[in-house]
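S.K.: Let me give you the structure first, and then I'll get to my questions.
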Amino acid sequence: MSSAKVTLDQNSAAQAASTGARSLAEEYAPGSDRPLGGYAALMGVYGAAVTAGAVALRRRNRPLPDVRPVDIVLMGVATHKLARRMSKDSVTSPLRAPFTRYEGVSGPAELQEQVRGKGLRKAIGELISCPFCLSQWVATGFVFGLLTAPRATRWAASVFASLALADFLQFAYAWAEQRAEG
C-alpha cells in the first residue's frame, strides 16, 4: 500500500471519528450544547491522575492503612466545605473567571456564575463551578493525602471541617435571632 493511500485512510478515519463524535453529541442531546469531548478529556485527566497516584503508592511497597470511620466523616465534611469554597466563594472567583461569568450573589458568601465557552472550556467551567462535581476531585485528593501524609492531611481537613461547622452555627444563630425577634 502506498504512503499516499495510508495518509488518505488516516485522514478519512480522523474525519469520521470527528463527525461521529459530533453526531453522537447531537443524538445524545439534540439542540443542546453538551461538551461530551470535554467531559471525556476531564475523565481522562482524572483517571490518569488516580492511576499515577496508585502507581506511586504501589512503588512505596507499604501496606495501605485501614479506613477509619472518623476519617470518612472528617474527609466528607472537609470535602463539602473545600468544594463549595472552590466553586462558589468570591475569593476563589479569579480561578473560575476564565470559565465562568459573574451573575451576582446566590447566598451568604457565595456567587452565582454562568459557565461560558464551548468544548473543554465549558466542561471545565461546569466542573469548577459545581460543588457536587468538584467533590469527587477534592475527595480523591484527600484520600491520596491520607495515604501519603496522614497527619498533614488530617490537619488541613480539620480546618475545612471546622469552617463547615462554623458555617452551620452561623446559620443556626441567625435563625435563632430571627425567631427571638418574632
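Quick note on naming: the chains in the C-alpha cells go A, B, ... in the order shown, residues restart at 1 in each chain, and ligands are numbered from 1 in order of appearance.
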Which residues come within 9 Å of Ile124 in chain A, counting only C-alpha atoms, excluding same-chain residues fewer than 4 positions away, as a list in words?
M.R.: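 Surrounding residues, per the criterion: Gly38, Tyr39, Leu42, Phe99, Val115, Gly119, Leu120, Ile128 and Ser129 of chain A.
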S.K.: Find the residues near Val138 in chain A: any atom within 10 Å, counting only C-alpha atoms, skip ones fewer than 2 places away on the same chain, and give them as a list of chain:residue names.
M.R.: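 So the residues in contact are A:Met75, A:Gly76, A:Ala78, A:Thr79, A:His80, A:Lys81, A:Leu82, A:Ala83, A:Met86, A:Pro131, A:Cys133, A:Leu134, A:Ser135, A:Gln136, A:Thr140, A:Gly141, A:Phe142, A:Val143.
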S.K.: Apply DSSP to the structure's backbone, then extract all residues of range 34-180 of chain A labelled strand (DSSP E or B) and return them as an NGL selection string.
M.R.: :A and (100-107 or 110-115)
S.K.: Give me a file of those residues, with N, CA and C atoms, as a PDB file, in the first residue's frame.
M.R.:
ATOM      1  N   THR A 100     -16.117  31.059  33.631  1.00  0.00           N
ATOM      2  CA  THR A 100     -17.449  31.465  34.078  1.00  0.00           C
ATOM      3  C   THR A 100     -17.621  32.975  33.934  1.00  0.00           C
ATOM      4  N   ARG A 101     -18.859  33.410  34.052  1.00  0.00           N
ATOM      5  CA  ARG A 101     -19.175  34.843  34.035  1.00  0.00           C
ATOM      6  C   ARG A 101     -19.985  35.148  35.299  1.00  0.00           C
ATOM      7  N   TYR A 102     -19.586  36.176  35.997  1.00  0.00           N
ATOM      8  CA  TYR A 102     -20.254  36.606  37.228  1.00  0.00           C
ATOM      9  C   TYR A 102     -21.681  37.043  36.910  1.00  0.00           C
ATOM     10  N   GLU A 103     -22.641  36.572  37.717  1.00  0.00           N
ATOM     11  CA  GLU A 103     -24.042  36.973  37.550  1.00  0.00           C
ATOM     12  C   GLU A 103     -24.618  37.610  38.804  1.00  0.00           C
ATOM     13  N   GLY A 104     -23.984  37.433  39.939  1.00  0.00           N
ATOM     14  CA  GLY A 104     -24.484  38.024  41.165  1.00  0.00           C
ATOM     15  C   GLY A 104     -24.195  37.150  42.367  1.00  0.00           C
ATOM     16  N   VAL A 105     -24.859  37.486  43.448  1.00  0.00           N
ATOM     17  CA  VAL A 105     -24.710  36.743  44.702  1.00  0.00           C
ATOM     18  C   VAL A 105     -25.840  35.720  44.782  1.00  0.00           C
ATOM     19  N   SER A 106     -25.497  34.506  45.187  1.00  0.00           N
ATOM     20  CA  SER A 106     -26.519  33.458  45.276  1.00  0.00           C
ATOM     21  C   SER A 106     -26.882  33.096  46.702  1.00  0.00           C
ATOM     22  N   GLY A 107     -26.117  33.562  47.669  1.00  0.00           N
ATOM     23  CA  GLY A 107     -26.376  33.259  49.064  1.00  0.00           C
ATOM     24  C   GLY A 107     -25.263  33.856  49.904  1.00  0.00           C
ATOM     25  N   GLU A 110     -21.540  33.393  48.781  1.00  0.00           N
ATOM     26  CA  GLU A 110     -21.488  32.563  47.583  1.00  0.00           C
ATOM     27  C   GLU A 110     -21.916  33.370  46.360  1.00  0.00           C
ATOM     28  N   LEU A 111     -21.273  33.070  45.227  1.00  0.00           N
ATOM     29  CA  LEU A 111     -21.562  33.750  43.977  1.00  0.00           C
ATOM     30  C   LEU A 111     -22.378  32.867  43.045  1.00  0.00           C
ATOM     31  N   GLN A 112     -23.152  33.521  42.197  1.00  0.00           N
ATOM     32  CA  GLN A 112     -23.841  32.849  41.090  1.00  0.00           C
ATOM     33  C   GLN A 112     -23.045  33.174  39.835  1.00  0.00           C
ATOM     34  N   GLU A 113     -22.605  32.154  39.127  1.00  0.00           N
ATOM     35  CA  GLU A 113     -21.832  32.342  37.915  1.00  0.00           C
ATOM     36  C   GLU A 113     -22.397  31.479  36.800  1.00  0.00           C
ATOM     37  N   GLN A 114     -22.283  31.970  35.581  1.00  0.00           N
ATOM     38  CA  GLN A 114     -22.727  31.243  34.397  1.00  0.00           C
ATOM     39  C   GLN A 114     -21.507  30.670  33.692  1.00  0.00           C
ATOM     40  N   VAL A 115     -21.577  29.407  33.338  1.00  0.00           N
ATOM     41  CA  VAL A 115     -20.495  28.770  32.594  1.00  0.00           C
ATOM     42  C   VAL A 115     -20.458  29.375  31.196  1.00  0.00           C
TER      43      VAL A 115
END
S.K.: Fewer than 4 positions away in the same chain doesn't count, so skip those; otherwise give me all residues within 10 Å of Arg60 in chain A, counting only C-alpha atoms, as a list in words.
M.R.: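 Selected residues are Val55, Ala56 and Thr148 of chain A.
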S.K.: Of the candidates A:Ser90, A:Gly37, A:Ser162, A:Ala123, which one gets nearest to Ala25 in chain A if we count only C-alpha atoms?
M.R.: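 Using only C-alpha atoms, Ala25 in chain A sits closest to A:Gly37.
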S.K.: Quick one: of A:Arg34, A:Arg84, A:Arg58, A:Arg68, who's nearest to Ala109 in chain A, counting only C-alpha atoms?
M.R.: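 Of A:Arg34, A:Arg84, A:Arg58, A:Arg68, the one nearest Ala109 in chain A is A:Arg84, counting only C-alpha atoms.
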S.K.: Using DSSP on the backbone coordinates, identify the residues of chain A assigned to alpha helix (DSSP H); present them as a short mmCIF file (atom, residue, chain, number, x, y, z; two decimals) with N, CA and C atoms, in the first residue's frame.
M.R.:
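Contents of the output file part14.cif:
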data_model
loop_
_atom_site.label_atom_id
_atom_site.label_comp_id
_atom_site.auth_asym_id
_atom_site.auth_seq_id
_atom_site.Cartn_x
_atom_site.Cartn_y
_atom_site.Cartn_z
N SER A 3 2.19 5.19 0.57
CA SER A 3 2.08 6.10 1.71
C SER A 3 0.97 7.12 1.50
N ALA A 4 0.70 7.49 0.27
CA ALA A 4 -0.41 8.43 -0.01
C ALA A 4 -1.73 7.79 0.38
N LYS A 5 -1.90 6.51 0.09
CA LYS A 5 -3.13 5.79 0.42
C LYS A 5 -3.29 5.69 1.94
N VAL A 6 -2.21 5.41 2.67
CA VAL A 6 -2.24 5.31 4.12
C VAL A 6 -2.61 6.66 4.73
N THR A 7 -1.99 7.74 4.24
CA THR A 7 -2.30 9.08 4.75
C THR A 7 -3.75 9.42 4.49
N LEU A 8 -4.26 9.10 3.29
CA LEU A 8 -5.65 9.36 2.96
C LEU A 8 -6.57 8.57 3.89
N ASP A 9 -6.24 7.30 4.14
CA ASP A 9 -7.05 6.48 5.03
C ASP A 9 -7.03 7.03 6.46
N GLN A 10 -5.86 7.52 6.93
CA GLN A 10 -5.77 8.10 8.28
C GLN A 10 -6.60 9.37 8.37
N ASN A 11 -6.52 10.23 7.36
CA ASN A 11 -7.32 11.46 7.36
C ASN A 11 -8.81 11.14 7.34
N SER A 12 -9.19 10.16 6.52
CA SER A 12 -10.60 9.75 6.46
C SER A 12 -11.07 9.22 7.81
N ALA A 13 -10.22 8.44 8.46
CA ALA A 13 -10.57 7.89 9.77
C ALA A 13 -10.72 9.01 10.80
N ALA A 14 -9.81 9.99 10.77
CA ALA A 14 -9.90 11.10 11.71
C ALA A 14 -11.16 11.93 11.48
N GLN A 15 -11.48 12.17 10.20
CA GLN A 15 -12.71 12.93 9.89
C GLN A 15 -13.94 12.15 10.33
N ALA A 16 -13.93 10.85 10.10
CA ALA A 16 -15.08 10.02 10.50
C ALA A 16 -15.24 10.03 12.01
N ALA A 17 -14.12 9.96 12.73
CA ALA A 17 -14.19 10.00 14.20
C ALA A 17 -14.74 11.33 14.68
N SER A 18 -14.25 12.42 14.09
CA SER A 18 -14.73 13.76 14.48
C SER A 18 -16.21 13.92 14.17
N THR A 19 -16.61 13.50 12.98
CA THR A 19 -18.02 13.59 12.59
C THR A 19 -18.86 12.69 13.49
N GLY A 20 -18.32 11.51 13.79
CA GLY A 20 -19.04 10.58 14.66
C GLY A 20 -19.24 11.15 16.05
N ALA A 21 -18.23 11.84 16.58
CA ALA A 21 -18.33 12.44 17.91
C ALA A 21 -19.39 13.54 17.93
N ARG A 22 -19.38 14.39 16.88
CA ARG A 22 -20.41 15.45 16.80
C ARG A 22 -21.79 14.85 16.66
N SER A 23 -21.89 13.80 15.85
CA SER A 23 -23.17 13.13 15.65
C SER A 23 -23.66 12.50 16.96
N LEU A 24 -22.74 11.89 17.68
CA LEU A 24 -23.09 11.28 18.96
C LEU A 24 -23.61 12.33 19.94
N ALA A 25 -22.93 13.48 20.01
CA ALA A 25 -23.36 14.55 20.91
C ALA A 25 -24.74 15.06 20.50
N GLU A 26 -24.97 15.20 19.20
CA GLU A 26 -26.27 15.68 18.72
C GLU A 26 -27.37 14.65 19.00
N GLU A 27 -27.05 13.38 18.82
CA GLU A 27 -28.03 12.32 19.12
C GLU A 27 -28.31 12.25 20.62
N TYR A 28 -27.28 12.46 21.41
CA TYR A 28 -27.41 12.38 22.86
C TYR A 28 -28.29 13.51 23.40
N LEU A 36 -19.43 16.78 25.26
CA LEU A 36 -19.06 15.40 25.58
C LEU A 36 -17.56 15.16 25.43
N GLY A 37 -16.94 15.76 24.42
CA GLY A 37 -15.49 15.61 24.25
C GLY A 37 -14.73 16.20 25.43
N GLY A 38 -15.20 17.36 25.93
CA GLY A 38 -14.58 17.98 27.10
C GLY A 38 -14.74 17.13 28.34
N TYR A 39 -15.94 16.54 28.49
CA TYR A 39 -16.16 15.64 29.63
C TYR A 39 -15.21 14.44 29.54
N ALA A 40 -15.07 13.89 28.33
CA ALA A 40 -14.19 12.73 28.15
C ALA A 40 -12.74 13.11 28.49
N ALA A 41 -12.33 14.30 28.09
CA ALA A 41 -10.97 14.75 28.41
C ALA A 41 -10.78 14.88 29.92
N LEU A 42 -11.77 15.46 30.62
CA LEU A 42 -11.66 15.59 32.07
C LEU A 42 -11.64 14.22 32.75
N MET A 43 -12.45 13.29 32.25
CA MET A 43 -12.41 11.93 32.81
C MET A 43 -11.04 11.30 32.60
N GLY A 44 -10.44 11.57 31.43
CA GLY A 44 -9.11 11.05 31.15
C GLY A 44 -8.06 11.63 32.10
N VAL A 45 -8.14 12.94 32.35
CA VAL A 45 -7.21 13.58 33.28
C VAL A 45 -7.37 12.99 34.68
N TYR A 46 -8.63 12.86 35.12
CA TYR A 46 -8.90 12.31 36.45
C TYR A 46 -8.36 10.87 36.53
N GLY A 47 -8.68 10.06 35.53
CA GLY A 47 -8.23 8.67 35.52
C GLY A 47 -6.71 8.56 35.51
N ALA A 48 -6.06 9.42 34.73
CA ALA A 48 -4.60 9.40 34.68
C ALA A 48 -4.00 9.81 36.02
N ALA A 49 -4.58 10.82 36.65
CA ALA A 49 -4.07 11.28 37.95
C ALA A 49 -4.23 10.19 39.01
N VAL A 50 -5.38 9.53 39.02
CA VAL A 50 -5.61 8.47 40.00
C VAL A 50 -4.67 7.29 39.72
N THR A 51 -4.50 6.96 38.46
CA THR A 51 -3.59 5.87 38.10
C THR A 51 -2.16 6.19 38.51
N ALA A 52 -1.71 7.42 38.22
CA ALA A 52 -0.35 7.83 38.61
C ALA A 52 -0.19 7.77 40.13
N GLY A 53 -1.20 8.22 40.85
CA GLY A 53 -1.15 8.16 42.31
C GLY A 53 -1.09 6.73 42.82
N ALA A 54 -1.88 5.87 42.22
CA ALA A 54 -1.90 4.46 42.64
C ALA A 54 -0.56 3.80 42.35
N VAL A 55 0.03 4.11 41.19
CA VAL A 55 1.34 3.54 40.85
C VAL A 55 2.39 4.04 41.84
N ALA A 56 2.35 5.31 42.15
CA ALA A 56 3.32 5.87 43.11
C ALA A 56 3.16 5.21 44.48
N LEU A 57 1.93 5.00 44.90
CA LEU A 57 1.71 4.32 46.18
C LEU A 57 2.20 2.88 46.14
N ARG A 58 1.98 2.22 45.04
CA ARG A 58 2.39 0.83 44.89
C ARG A 58 3.92 0.71 44.98
N ARG A 59 4.62 1.67 44.43
CA ARG A 59 6.08 1.65 44.43
C ARG A 59 6.66 1.88 45.82
N PRO A 69 -13.69 5.05 60.34
CA PRO A 69 -14.93 5.83 60.20
C PRO A 69 -14.73 7.32 60.50
N VAL A 70 -13.89 7.64 61.48
CA VAL A 70 -13.66 9.05 61.82
C VAL A 70 -13.00 9.79 60.65
N ASP A 71 -12.14 9.10 59.90
CA ASP A 71 -11.53 9.72 58.72
C ASP A 71 -12.56 9.96 57.62
N ILE A 72 -13.48 9.03 57.45
CA ILE A 72 -14.52 9.21 56.44
C ILE A 72 -15.37 10.43 56.77
N VAL A 73 -15.74 10.58 58.03
CA VAL A 73 -16.54 11.74 58.44
C VAL A 73 -15.73 13.03 58.25
N LEU A 74 -14.50 13.03 58.73
CA LEU A 74 -13.65 14.22 58.60
C LEU A 74 -13.45 14.59 57.13
N MET A 75 -13.11 13.63 56.30
CA MET A 75 -12.87 13.91 54.88
C MET A 75 -14.16 14.32 54.18
N GLY A 76 -15.29 13.73 54.58
CA GLY A 76 -16.57 14.09 53.97
C GLY A 76 -16.94 15.54 54.26
N VAL A 77 -16.82 15.95 55.50
CA VAL A 77 -17.16 17.33 55.86
C VAL A 77 -16.15 18.30 55.24
N ALA A 78 -14.88 17.94 55.25
CA ALA A 78 -13.85 18.80 54.65
C ALA A 78 -14.04 18.90 53.13
N THR A 79 -14.40 17.80 52.50
CA THR A 79 -14.66 17.81 51.05
C THR A 79 -15.82 18.73 50.73
N HIS A 80 -16.88 18.63 51.52
CA HIS A 80 -18.05 19.51 51.32
C HIS A 80 -17.62 20.97 51.36
N LYS A 81 -16.88 21.35 52.37
CA LYS A 81 -16.51 22.75 52.55
C LYS A 81 -15.52 23.21 51.49
N LEU A 82 -14.50 22.42 51.22
CA LEU A 82 -13.49 22.84 50.24
C LEU A 82 -14.08 22.92 48.83
N ALA A 83 -14.94 21.98 48.48
CA ALA A 83 -15.57 22.02 47.15
C ALA A 83 -16.46 23.25 47.01
N ARG A 84 -17.20 23.60 48.05
CA ARG A 84 -18.04 24.81 48.00
C ARG A 84 -17.16 26.06 47.95
N ARG A 85 -16.09 26.06 48.74
CA ARG A 85 -15.19 27.21 48.74
C ARG A 85 -14.59 27.42 47.35
N MET A 86 -14.14 26.35 46.74
CA MET A 86 -13.51 26.45 45.42
C MET A 86 -14.51 26.84 44.33
N SER A 87 -15.74 26.37 44.44
CA SER A 87 -16.71 26.56 43.36
C SER A 87 -17.64 27.75 43.52
N LYS A 88 -17.73 28.34 44.71
CA LYS A 88 -18.71 29.40 44.94
C LYS A 88 -18.17 30.65 45.61
N SER A 93 -12.94 33.30 42.96
CA SER A 93 -13.50 33.61 41.63
C SER A 93 -12.44 33.85 40.56
N PRO A 94 -11.25 34.38 40.88
CA PRO A 94 -10.24 34.51 39.81
C PRO A 94 -9.86 33.17 39.18
N LEU A 95 -9.95 32.09 39.94
CA LEU A 95 -9.65 30.76 39.39
C LEU A 95 -10.73 30.31 38.41
N ARG A 96 -11.96 30.75 38.64
CA ARG A 96 -13.08 30.36 37.78
C ARG A 96 -13.32 31.33 36.63
N GLY A 119 -16.95 23.33 24.32
CA GLY A 119 -15.99 22.23 24.39
C GLY A 119 -15.34 22.09 25.76
N LEU A 120 -14.02 21.95 25.76
CA LEU A 120 -13.29 21.72 27.00
C LEU A 120 -13.44 22.89 27.96
N ARG A 121 -13.44 24.11 27.45
CA ARG A 121 -13.60 25.28 28.32
C ARG A 121 -14.93 25.21 29.07
N LYS A 122 -15.99 24.85 28.38
CA LYS A 122 -17.29 24.73 29.03
C LYS A 122 -17.29 23.59 30.05
N ALA A 123 -16.69 22.47 29.68
CA ALA A 123 -16.65 21.32 30.59
C ALA A 123 -15.89 21.67 31.87
N ILE A 124 -14.77 22.37 31.74
CA ILE A 124 -14.01 22.79 32.92
C ILE A 124 -14.84 23.76 33.75
N GLY A 125 -15.52 24.70 33.08
CA GLY A 125 -16.37 25.65 33.79
C GLY A 125 -17.47 24.95 34.58
N GLU A 126 -18.08 23.93 33.99
CA GLU A 126 -19.11 23.18 34.70
C GLU A 126 -18.52 22.46 35.91
N LEU A 127 -17.34 21.90 35.74
CA LEU A 127 -16.68 21.18 36.84
C LEU A 127 -16.36 22.12 38.00
N ILE A 128 -15.70 23.24 37.71
CA ILE A 128 -15.19 24.08 38.79
C ILE A 128 -16.22 25.02 39.39
N PRO A 131 -20.21 22.50 43.08
CA PRO A 131 -19.61 21.84 44.25
C PRO A 131 -19.82 20.33 44.26
N PHE A 132 -20.91 19.87 43.70
CA PHE A 132 -21.16 18.42 43.66
C PHE A 132 -20.17 17.75 42.71
N CYS A 133 -19.91 18.37 41.57
CA CYS A 133 -18.97 17.82 40.58
C CYS A 133 -17.54 17.86 41.11
N LEU A 134 -17.18 18.95 41.72
CA LEU A 134 -15.82 19.15 42.23
C LEU A 134 -15.51 18.24 43.42
N SER A 135 -16.53 17.83 44.14
CA SER A 135 -16.33 16.99 45.33
C SER A 135 -15.57 15.70 45.03
N GLN A 136 -15.82 15.10 43.89
CA GLN A 136 -15.12 13.86 43.52
C GLN A 136 -13.61 14.10 43.48
N TRP A 137 -13.20 15.20 42.88
CA TRP A 137 -11.78 15.52 42.75
C TRP A 137 -11.19 15.87 44.12
N VAL A 138 -11.92 16.65 44.90
CA VAL A 138 -11.43 17.05 46.23
C VAL A 138 -11.30 15.83 47.14
N ALA A 139 -12.32 14.98 47.15
CA ALA A 139 -12.27 13.78 47.99
C ALA A 139 -11.10 12.88 47.59
N THR A 140 -10.86 12.75 46.30
CA THR A 140 -9.74 11.94 45.84
C THR A 140 -8.42 12.52 46.34
N GLY A 141 -8.30 13.83 46.30
CA GLY A 141 -7.10 14.48 46.83
C GLY A 141 -6.91 14.20 48.31
N PHE A 142 -7.99 14.29 49.06
CA PHE A 142 -7.90 13.99 50.50
C PHE A 142 -7.51 12.53 50.74
N VAL A 143 -8.06 11.61 49.96
CA VAL A 143 -7.72 10.19 50.14
C VAL A 143 -6.24 9.96 49.86
N PHE A 144 -5.73 10.50 48.76
CA PHE A 144 -4.30 10.34 48.49
C PHE A 144 -3.47 11.04 49.56
N GLY A 145 -3.97 12.15 50.07
CA GLY A 145 -3.28 12.82 51.17
C GLY A 145 -3.21 11.94 52.41
N LEU A 146 -4.32 11.28 52.72
CA LEU A 146 -4.31 10.37 53.88
C LEU A 146 -3.33 9.22 53.70
N LEU A 147 -3.17 8.78 52.47
CA LEU A 147 -2.28 7.66 52.20
C LEU A 147 -0.81 8.06 52.19
N THR A 148 -0.52 9.31 51.88
CA THR A 148 0.89 9.73 51.76
C THR A 148 1.36 10.60 52.92
N PRO A 150 -0.67 11.41 56.24
CA PRO A 150 -1.91 11.40 57.02
C PRO A 150 -2.04 12.53 58.05
N ARG A 151 -0.98 12.83 58.76
CA ARG A 151 -1.09 13.88 59.80
C ARG A 151 -1.37 15.24 59.18
N ALA A 152 -0.64 15.60 58.15
CA ALA A 152 -0.86 16.90 57.49
C ALA A 152 -2.23 16.96 56.83
N THR A 153 -2.67 15.85 56.27
CA THR A 153 -3.98 15.82 55.63
C THR A 153 -5.09 15.96 56.66
N ARG A 154 -4.97 15.28 57.77
CA ARG A 154 -5.99 15.42 58.82
C ARG A 154 -6.01 16.84 59.35
N TRP A 155 -4.84 17.46 59.48
CA TRP A 155 -4.77 18.84 59.95
C TRP A 155 -5.48 19.77 58.97
N ALA A 156 -5.15 19.66 57.68
CA ALA A 156 -5.79 20.50 56.66
C ALA A 156 -7.29 20.24 56.59
N ALA A 157 -7.68 18.97 56.65
CA ALA A 157 -9.10 18.63 56.61
C ALA A 157 -9.83 19.18 57.84
N SER A 158 -9.15 19.20 58.97
CA SER A 158 -9.75 19.74 60.19
C SER A 158 -10.07 21.22 60.04
N VAL A 159 -9.22 21.95 59.32
CA VAL A 159 -9.50 23.38 59.07
C VAL A 159 -10.82 23.52 58.31
N PHE A 160 -10.97 22.77 57.22
CA PHE A 160 -12.18 22.89 56.41
C PHE A 160 -13.41 22.33 57.12
N ALA A 161 -13.24 21.26 57.89
CA ALA A 161 -14.36 20.72 58.66
C ALA A 161 -14.79 21.73 59.73
N SER A 162 -13.84 22.39 60.36
CA SER A 162 -14.17 23.42 61.36
C SER A 162 -14.92 24.58 60.71
N LEU A 163 -14.50 24.98 59.52
CA LEU A 163 -15.20 26.04 58.80
C LEU A 163 -16.64 25.63 58.45
N ALA A 164 -16.82 24.40 58.05
CA ALA A 164 -18.17 23.92 57.74
C ALA A 164 -19.04 23.96 58.99
N LEU A 165 -18.51 23.50 60.11
CA LEU A 165 -19.25 23.56 61.37
C LEU A 165 -19.57 25.00 61.74
N ALA A 166 -18.60 25.90 61.58
CA ALA A 166 -18.82 27.31 61.89
C ALA A 166 -19.91 27.90 61.00
N ASP A 167 -19.93 27.52 59.73
CA ASP A 167 -20.99 27.99 58.83
C ASP A 167 -22.37 27.57 59.33
N PHE A 168 -22.50 26.31 59.69
CA PHE A 168 -23.79 25.83 60.18
C PHE A 168 -24.18 26.54 61.48
N LEU A 169 -23.21 26.80 62.34
CA LEU A 169 -23.51 27.53 63.58
C LEU A 169 -23.92 28.97 63.28
N GLN A 170 -23.31 29.60 62.28
CA GLN A 170 -23.71 30.95 61.90
C GLN A 170 -25.16 30.97 61.43
N PHE A 171 -25.53 30.01 60.61
CA PHE A 171 -26.92 29.93 60.14
C PHE A 171 -27.87 29.65 61.30
N ALA A 172 -27.49 28.76 62.21
CA ALA A 172 -28.34 28.46 63.36
C ALA A 172 -28.50 29.69 64.25
N TYR A 173 -27.45 30.43 64.46
CA TYR A 173 -27.50 31.64 65.27
C TYR A 173 -28.42 32.67 64.63
N ALA A 174 -28.27 32.87 63.31
CA ALA A 174 -29.12 33.84 62.61
C ALA A 174 -30.58 33.41 62.68
N TRP A 175 -30.85 32.12 62.54
CA TRP A 175 -32.21 31.61 62.63
C TRP A 175 -32.78 31.85 64.04
N ALA A 176 -31.96 31.57 65.07
CA ALA A 176 -32.41 31.78 66.45
C ALA A 176 -32.69 33.26 66.71
N GLU A 177 -31.87 34.14 66.18
CA GLU A 177 -32.10 35.59 66.34
C GLU A 177 -33.43 36.00 65.70
N GLN A 178 -33.67 35.50 64.50
CA GLN A 178 -34.92 35.83 63.82
C GLN A 178 -36.14 35.33 64.59
N ARG A 179 -36.05 34.15 65.13
CA ARG A 179 -37.17 33.60 65.90
C ARG A 179 -37.39 34.42 67.18
N ALA A 180 -36.29 34.85 67.83
CA ALA A 180 -36.41 35.63 69.06
C ALA A 180 -37.03 37.00 68.79
N GLU A 181 -36.74 37.57 67.62
CA GLU A 181 -37.28 38.87 67.27
C GLU A 181 -38.74 38.77 66.82
#
S.K.: Measure the distance from CA of Asp89 in chain A to CA of Asp33 in chain A in Å and round it to one decimal.
M.R.: 26.4 Å
S.K.: Just how far from CA of Arg116 in chain A is CA of Ala29 in chain A, in Å to one decimal?
M.R.: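 Result for CA of Ala29 in chain A versus CA of Arg116 in chain A: 18.1 Å, one decimal.
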